[in-house]
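So the structure is just underneath, and the comments pick up after that.
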Protein chains: 2
Amino acid sequence: MTEVDEGTGHRAVIDLLGVLAYAELTAFDRLAEDARLAPTLDGRAALARMAAAEIAHHERLSARLRELGADVSAAMTPFVAALDAFHDGTRASTWLEGLVKAYVGDGLAADFYREVAAFLPQPDRALVEEVLADTGHADFALREVRAAIAADPKVAGRLALWARRLVGEALTQSQAVIAEHDELAELIITGTGDLAGVGELLGRITAAHSVRMRALGLNP
Amino acid sequence: MTEVDEGTGHRAVIDLLGVLAYAELTAFDRLAEDARLAPTLDGRAALARMAAAEIAHHERLSARLRELGADVSAAMTPFVAALDAFHDGTRASTWLEGLVKAYVGDGLAADFYREVAAFLPQPDRALVEEVLADTGHADFALREVRAAIAADPKVAGRLALWARRLVGEALTQSQAVIAEHDELAELIITGTGDLAGVGELLGRITAAHSVRMRALGLNP
């Protein structure tokens, strides 16, 4: 792993914190929306609590952006279109789809952001790791999805297809984001060393995704 | 003000904490939904933060309900229909309508709950007062609505009509709730002393409502 030079680094830090800050705001939105699909008041409150945790993360990232002299809104703006397109293209229509999206989609995104954050200097590396720490989504989603598959094994096939669609849409949108942000692209290539390093990074993310799919009881 | 006897008191405490716990959950929902109407990312983040604060209140109430031996979901269930009917009947279609609803509607509800809580023993009285404390809605909504009226005085008439509709719908639904919950009705009548006391309570709530309307720049 190679350290990035300071000029690229500063711009890339703002970019990464900006995309994360907006990602937390959309995660809030999405969880709040999916909470309404909950079959019970307990499930609805559980998702609402997770949504609230995302906003706490959003606030931590915003505070750091301001500390770095950046305008929070301006730092988020370049990523609005891609993240909105991802969410609009993968709107959950059932409670289980929402949970799979929370577990598989957020897991994938968190792995990616964590890999990129590894190239950042402190304290930003620690901050990104902190806001990416699981807020209870994983266990809750796992429990609910596994119980639903146990009760009706047929749902597994449909949910596996849904998860593949999430991955496809996530790849499309993240390529679009990186193509438009030279500093982020440079950070990733410089950080990983070369294109072979980028391939290894993608390999690690794919492997972690397969582990999550199997944990849900779904074929990757 | 008269203290209520213990049997009625316990049931009424569960009822009041239950209705409040569900009110916070729906307030979360509503703020999360209205956040999407925000004209700026800053406004959207501000409403999302307020929504997150409601969930923190919901958690405090849930913890107390569990402490009292009540099932949180069961305590909320009797109030779902009335509160959902209120929100479905007063769905904001613009950012300003959402803010007026947050300020006028939540203010009205908070005044009512606070009056009822005054008849409760401690620590529940303090808990209710704590979760009803303003989470920044008021100032934010006031600022935004007044700025909008200053920029275009014509919006004041439309928003005043909207506020009247909110009050009408709130009265309809709260009468329905009280009619179905004898212990709550008894708590209010015993607490205020008699029907004249109930009238005074309503007078205080109405006066506070008029103050809020004028603060917004709207005719009550």
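By order in the structure tokens, chains are A, B, ...; within a chain, residues start at 1; ligands start at 1, following the order shown.
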Pull out every residue of chain B that has at least one atom within 8 Å of chain A, counting only C-alpha atoms, and report them as a list in words.
-> Leu25, Phe28, Asp29, Ala32, Glu33, Leu41, Asp42, Ala45, Ala48, Arg49, Ala51, Ala52, Ala53, Ile55, Ala56 and Ser73 of chain B
Given the selection you just returned, output its residues as a file containing C-alpha atoms, formatted as a PDB file, in the first residue's frame.
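Saved the output as out02.pdb:
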ATOM      1  CA  LEU B  25     -42.590   6.795  15.681  1.00  0.00           C
ATOM      2  CA  PHE B  28     -40.109  10.136  12.726  1.00  0.00           C
ATOM      3  CA  ASP B  29     -41.868   8.793   9.635  1.00  0.00           C
ATOM      4  CA  ALA B  32     -38.271  11.546   7.210  1.00  0.00           C
ATOM      5  CA  GLU B  33     -40.842  11.805   4.421  1.00  0.00           C
ATOM      6  CA  LEU B  41     -29.362  19.301   1.162  1.00  0.00           C
ATOM      7  CA  ASP B  42     -28.911  21.346   4.344  1.00  0.00           C
ATOM      8  CA  ALA B  45     -30.214  16.973   6.731  1.00  0.00           C
ATOM      9  CA  ALA B  48     -33.449  14.079   9.129  1.00  0.00           C
ATOM     10  CA  ARG B  49     -31.694  15.111  12.372  1.00  0.00           C
ATOM     11  CA  ALA B  51     -36.462  12.690  12.851  1.00  0.00           C
ATOM     12  CA  ALA B  52     -33.539  10.964  14.548  1.00  0.00           C
ATOM     13  CA  ALA B  53     -34.267  12.936  17.748  1.00  0.00           C
ATOM     14  CA  ILE B  55     -36.521   8.062  17.645  1.00  0.00           C
ATOM     15  CA  ALA B  56     -34.350   8.771  20.669  1.00  0.00           C
ATOM     16  CA  SER B  73     -45.984  -2.920  20.813  1.00  0.00           C
TER      17      SER B  73
END
What's around A:Val177 at 8 Å? Count only C-alpha atoms, leave out sequence neighbours fewer than 4 positions away in its own chain, and write the answer as an mmCIF file with N, CA and C atoms, in the first residue's frame.
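The result, stored in around.cif:
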data_model
loop_
_atom_site.group_PDB
_atom_site.id
_atom_site.type_symbol
_atom_site.label_atom_id
_atom_site.label_comp_id
_atom_site.auth_asym_id
_atom_site.auth_seq_id
_atom_site.Cartn_x
_atom_site.Cartn_y
_atom_site.Cartn_z
ATOM 1 N N PHE A 79 -22.136 13.756 -5.701
ATOM 2 C CA PHE A 79 -22.467 12.332 -5.595
ATOM 3 C C PHE A 79 -23.962 12.072 -5.534
ATOM 4 N N ALA A 82 -25.532 9.946 -8.706
ATOM 5 C CA ALA A 82 -25.213 8.518 -8.762
ATOM 6 C C ALA A 82 -25.887 7.750 -7.627
ATOM 7 N N GLN A 173 -23.101 2.240 -10.820
ATOM 8 C CA GLN A 173 -23.051 3.584 -10.253
ATOM 9 C C GLN A 173 -21.684 3.924 -9.685
ATOM 10 N N HIS A 181 -14.443 11.380 -10.960
ATOM 11 C CA HIS A 181 -13.646 11.967 -9.879
ATOM 12 C C HIS A 181 -12.216 11.474 -9.969
#
Atom CA of B:Ala75 to atom CA of B:Leu61: how many Å, to one decimal?
-> 10.7 Å
Select, from B:Phe112, B:Phe86, B:Tyr103, B:Trp95, the residue with the minimum atom-to-atom distance to B:Leu201, counting only C-alpha atoms.
->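 The shortest atom-to-atom distance to B:Leu201 comes from B:Phe112.
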Mind checking which residues fall within 7 Å of stretch 113-130 of chain B, counting only C-alpha atoms, ignoring those fewer than 2 positions away in the same chain, and posting them as a list of chain:residue names?
->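 Within the cut-off, the hits are B:Glu3, B:Ala109, B:Ala110, B:Asp111, B:Leu132, B:Ala133, B:Ile188, B:Gly191.
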Using all heavy atoms, can you export the residues from the last selection as a compact mmCIF listing (two decimals), in the first residue's frame?
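out28.txt written:
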# COMPACT_ATOMS: atom_id res chain seq x y z
N GLU B 3 -55.10 14.53 42.22
CA GLU B 3 -54.34 13.32 41.89
C GLU B 3 -55.29 12.18 41.56
O GLU B 3 -56.38 12.09 42.12
CB GLU B 3 -53.46 12.91 43.08
CG GLU B 3 -52.28 13.84 43.26
CD GLU B 3 -50.99 13.06 43.49
OE1 GLU B 3 -51.06 11.85 43.75
OE2 GLU B 3 -49.93 13.68 43.41
N ALA B 109 -49.98 19.08 19.81
CA ALA B 109 -49.93 17.75 20.43
C ALA B 109 -49.12 17.80 21.72
O ALA B 109 -49.52 17.25 22.75
CB ALA B 109 -49.33 16.74 19.46
N ALA B 110 -47.98 18.49 21.67
CA ALA B 110 -47.11 18.56 22.85
C ALA B 110 -47.82 19.25 24.00
O ALA B 110 -47.76 18.80 25.16
CB ALA B 110 -45.81 19.29 22.51
N ASP B 111 -48.56 20.34 23.70
CA ASP B 111 -49.30 21.04 24.76
C ASP B 111 -50.33 20.12 25.40
O ASP B 111 -50.48 20.09 26.62
CB ASP B 111 -50.03 22.27 24.18
CG ASP B 111 -49.08 23.43 23.93
OD1 ASP B 111 -47.96 23.40 24.48
OD2 ASP B 111 -49.46 24.35 23.18
N LEU B 132 -41.03 15.67 25.32
CA LEU B 132 -41.77 16.70 24.58
C LEU B 132 -40.94 17.97 24.39
O LEU B 132 -41.37 18.87 23.66
CB LEU B 132 -43.08 17.04 25.31
CG LEU B 132 -44.13 15.93 25.32
CD1 LEU B 132 -45.31 16.35 26.15
CD2 LEU B 132 -44.57 15.57 23.91
N ALA B 133 -39.78 18.01 25.02
CA ALA B 133 -38.95 19.21 24.85
C ALA B 133 -38.62 19.38 23.38
O ALA B 133 -38.41 18.40 22.66
CB ALA B 133 -37.67 19.07 25.68
N ILE B 188 -58.21 12.74 32.58
CA ILE B 188 -58.33 14.15 32.23
C ILE B 188 -59.41 14.83 33.07
O ILE B 188 -59.19 15.92 33.63
CB ILE B 188 -58.62 14.32 30.72
CG1 ILE B 188 -57.41 13.81 29.91
CG2 ILE B 188 -58.91 15.79 30.37
CD1 ILE B 188 -57.67 13.68 28.42
N GLY B 191 -58.33 14.77 36.72
CA GLY B 191 -57.17 15.65 36.87
C GLY B 191 -57.56 17.12 36.85
O GLY B 191 -57.09 17.91 37.67
Neighbour list for stretch 147-158 of chain B as a VMD selection string, cut-off 9 Å, only C-alpha atoms, skip fewer than 4 positions in-chain | chain B and resid 96 142 to 143 162 to 163 216 to 219
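Using only C-alpha atoms, the shortest contact distance between B:His57 and any of B:Ala102, B:Leu17, B:Leu37, B:Ile178 is found at B:Leu17.
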